[in-house]
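Have a look at the structure below, then the notes.
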Amino acid sequence: MLLHYIWFNKGANFYCPFPFFNIKFCYMAKTKKRLNLKIYPGVSPQAVGLAVIFSFGAKNESKKTGGFTHLAEHAIFQGTKKLPSVNKVDQEIERITFDLEARVAREYLKIFSTFPKEYFHAVIDLLEQLIFFPLFAPENELAVKKEVLAELKKSRTDKMESFITEGAKKIFKGTGLENDGLGTVKNVKQSNIRQWRKWWYGKVLHSKFSIIAVGKLTDKEKTDLHQRFANRKCAVPPVSKSNISEQRIFVSDNSLFSYLYLKPNKGIKKLNSEVVRDIIGQRMPKKYGSKIKAGCALFKSFELIECQGVLPTASRRLEFLDMLKDIFCSPPTKKEIERAKQSVIKELQDISCHLDELLDWYIRSYFYSIEGGDKDINEQIRQVRRISEGEVKTFFRRIEKTKFRVVSI
Ligand SMILES: [Zn+2]
């Protein structure tokens, strides 16, 4: 699930304009009103979404430390100074939030929650506890290992997921993004909670972090949030560099395939890539149904467009490859572009009615953040309307001109 999540939805581009000021607050001022509209039944207009995001992920791990961020992320939920057991942490999460989750991706680690506004202070207390005062008690080591090993097992028993993992290792080779964030069985078994503790306090907490809040916050709440987190002294982490050149890659075994297009990220606009993703989606041959999926992701240093699925048994691999080339490389028509723009606008309107999706969108937008990520949804919709035909066509032309490589697994 995690991989699917990263590949189809995630990708990150952390950008902090103030290198010595480690927090950037994105108060989504105009979305306050939207939340008050109570468009989505069951979600209180008094709800708030909050995310703490560290510019630290699998990219910061080596072969030996692969998975440490993930292990530490599990360990922080096992007990904190004020909530010294896993039960106490769970009870508090149950009591004050709708949900609270943490995830490690290739380029970042995020801890995010949606909750009733009345618990605002309780939630920032909880986040502060989890992030800055986790216990990493030796007696929790086994429980964490068990959880993470179960996740690893799950990701390996799914044929598609393990295929993608293997493909990713080859494709990302040399980019610094080989690790997917989950870790390896070997590292999980051989490492211990003291190492994860050291990793958390010595590395993760020294990276830049951001807080994204979605909801109607009072000035006092903003000040409190600021005071609680802003005084944490954090060092600036090294910037990851990628030596990837522009390329198209096709990876397959006999039944599964993954088609990728990677290029250095030179200011590709977030919303434009949403439109491109939609055009590619529109072109997916209906006859294969949901067996083929396409996604688009912006990483810090490069852009990825990908398509993956199950190879139709009737087709030969090369024929299928031709079909994919058509999907990815033929110039878009005016009608296709218009339809894609409308559907991205519709998606943005839908997202704005669900607090959790809205928060997630802002997290992603903020990480992509090349354009429009810190603007409210209405402005992002206006931006989509302004995307020109020429911009989208240039994008496809670039894909077409790219060298092509086939990798088999
Ligand atoms: Zn996990």
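The way I read the labels, and the way they are meant: chains A, B, ... in the order of the structure tokens, residue 1 as the first residue of every chain, and ligand 1 as the first ligand shown, with later ones counted on from there.
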
Could you give me, as a PDB file with N, CA and C atoms, in the first residue's frame, every polymer residue with an atom at most 8 Å away from an atom of ligand 1, counting only C-alpha atoms and all ligand atoms?
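Listing of part.pdb after writing:
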```pdb
ATOM      1  N   HIS A  70      11.634   4.838   9.179  1.00  0.00           N
ATOM      2  CA  HIS A  70      10.374   4.122   9.316  1.00  0.00           C
ATOM      3  C   HIS A  70      10.256   3.482  10.711  1.00  0.00           C
ATOM      4  N   LEU A  71      11.329   2.863  11.158  1.00  0.00           N
ATOM      5  CA  LEU A  71      11.321   2.226  12.486  1.00  0.00           C
ATOM      6  C   LEU A  71      11.128   3.273  13.584  1.00  0.00           C
ATOM      7  N   GLU A  73       9.731   6.117  13.230  1.00  0.00           N
ATOM      8  CA  GLU A  73       8.362   6.626  13.085  1.00  0.00           C
ATOM      9  C   GLU A  73       7.369   5.720  13.826  1.00  0.00           C
ATOM     10  N   HIS A  74       7.572   4.418  13.764  1.00  0.00           N
ATOM     11  CA  HIS A  74       6.696   3.514  14.521  1.00  0.00           C
ATOM     12  C   HIS A  74       6.960   3.649  16.026  1.00  0.00           C
ATOM     13  N   ARG A 103       3.792   8.873   7.982  1.00  0.00           N
ATOM     14  CA  ARG A 103       4.271   8.107   6.838  1.00  0.00           C
ATOM     15  C   ARG A 103       5.640   8.574   6.400  1.00  0.00           C
ATOM     16  N   VAL A 104       6.453   7.615   6.000  1.00  0.00           N
ATOM     17  CA  VAL A 104       7.766   7.952   5.458  1.00  0.00           C
ATOM     18  C   VAL A 104       7.712   7.771   3.947  1.00  0.00           C
ATOM     19  N   GLU A 147       5.678  -4.978  13.951  1.00  0.00           N
ATOM     20  CA  GLU A 147       4.821  -4.170  13.073  1.00  0.00           C
ATOM     21  C   GLU A 147       5.473  -3.942  11.712  1.00  0.00           C
ATOM     22  N   VAL A 148       6.733  -3.538  11.761  1.00  0.00           N
ATOM     23  CA  VAL A 148       7.412  -3.190  10.511  1.00  0.00           C
ATOM     24  C   VAL A 148       7.667  -4.434   9.657  1.00  0.00           C
ATOM     25  N   GLU A 151       4.584  -5.295   7.795  1.00  0.00           N
ATOM     26  CA  GLU A 151       4.388  -4.420   6.634  1.00  0.00           C
ATOM     27  C   GLU A 151       5.286  -4.834   5.468  1.00  0.00           C
ATOM     28  N   LEU A 182      10.392   1.826   3.425  1.00  0.00           N
ATOM     29  CA  LEU A 182       9.964   0.734   4.306  1.00  0.00           C
ATOM     30  C   LEU A 182      11.128   0.097   5.058  1.00  0.00           C
TER      31      LEU A 182
END
```

>> I need the residues in range 22-250 of chain A that are strand (DSSP E or B) according to DSSP; give them as an MDAnalysis selection string.
In response: chainID A and resid 25:27 47:54 80 99:104 109:116 134 209:214 247:250

>> Set the distance at 9 Å and use only C-alpha atoms: which residues neighbour Phe132 in chain A once local chain neighbours fewer than 6 positions away are removed? I'd like the list as a list of chain:residue names.
In response: A:Thr80, A:Tyr201, A:Leu205

Just write the chosen residues, N, CA and C atoms, as a PDB file, in the first residue's frame.
```pdb
ATOM      1  N   THR A  80       5.509   8.373  25.149  1.00  0.00           N
ATOM      2  CA  THR A  80       6.225   9.642  25.248  1.00  0.00           C
ATOM      3  C   THR A  80       6.368   9.985  26.727  1.00  0.00           C
ATOM      4  N   TYR A 201      16.556  11.546  17.165  1.00  0.00           N
ATOM      5  CA  TYR A 201      17.025  12.775  17.820  1.00  0.00           C
ATOM      6  C   TYR A 201      18.234  13.395  17.116  1.00  0.00           C
ATOM      7  N   LEU A 205      15.200  15.020  13.640  1.00  0.00           N
ATOM      8  CA  LEU A 205      14.830  16.285  14.280  1.00  0.00           C
ATOM      9  C   LEU A 205      15.764  17.436  13.904  1.00  0.00           C
TER      10      LEU A 205
END
```

>> Can you pull out the residues contacting Glu178 in chain A? Cut-off 12 Å, using only C-alpha atoms, and skip same-chain residues under 4 positions away; I want them as a list in words.
In response: Gly57, Ala58, Lys59, Asn60, Glu61, Ser62, Lys63, Gly66, Gly67, Ala105, Arg106, Glu107, Ile164, Thr165, Glu166, Gly167, Ala168, Lys169, Lys170, Ile171, Phe172, Lys173, Gly174, Leu182, Gly183 and Ser242 of chain A

> Please, what distance in Å, to one decimal, runs between CA of Ala75 in chain A and CA of Ile212 in chain A?
Replying inline: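 So the answer is 23.3 Å.
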
For Arg382 in chain A, find every residue with an atom within 12 Å (counting only C-alpha atoms), except residues of its own chain fewer than 3 positions away, and show them as a PDB file with C-alpha atoms, in the first residue's frame.
```pdb
ATOM      1  CA  LEU A 271      -0.966  22.075 -11.894  1.00  0.00           C
ATOM      2  CA  LYS A 341      -8.573  21.013 -17.377  1.00  0.00           C
ATOM      3  CA  GLN A 342     -12.260  20.646 -16.538  1.00  0.00           C
ATOM      4  CA  VAL A 344      -8.755  18.789 -12.705  1.00  0.00           C
ATOM      5  CA  ILE A 345     -10.985  21.721 -11.733  1.00  0.00           C
ATOM      6  CA  LEU A 348     -10.047  20.464  -6.916  1.00  0.00           C
ATOM      7  CA  GLN A 349     -13.649  21.403  -6.133  1.00  0.00           C
ATOM      8  CA  GLY A 372       0.444  27.425  -6.431  1.00  0.00           C
ATOM      9  CA  LYS A 375      -2.433  29.340  -2.593  1.00  0.00           C
ATOM     10  CA  ASP A 376      -5.978  28.555  -1.671  1.00  0.00           C
ATOM     11  CA  ILE A 377      -8.005  26.162  -3.787  1.00  0.00           C
ATOM     12  CA  ASN A 378      -9.936  28.883  -5.635  1.00  0.00           C
ATOM     13  CA  GLU A 379      -6.707  30.463  -6.795  1.00  0.00           C
ATOM     14  CA  ARG A 385      -8.034  27.759 -16.191  1.00  0.00           C
ATOM     15  CA  ARG A 386      -5.073  29.864 -17.283  1.00  0.00           C
ATOM     16  CA  ILE A 387      -2.960  26.908 -18.467  1.00  0.00           C
TER      17      ILE A 387
END
```

> For Pro285 in chain A, which of A:Val52, A:Ala122, A:Ile327, A:Ala47 is the closest residue, counting only C-alpha atoms?
Replying inline: A:Ile327
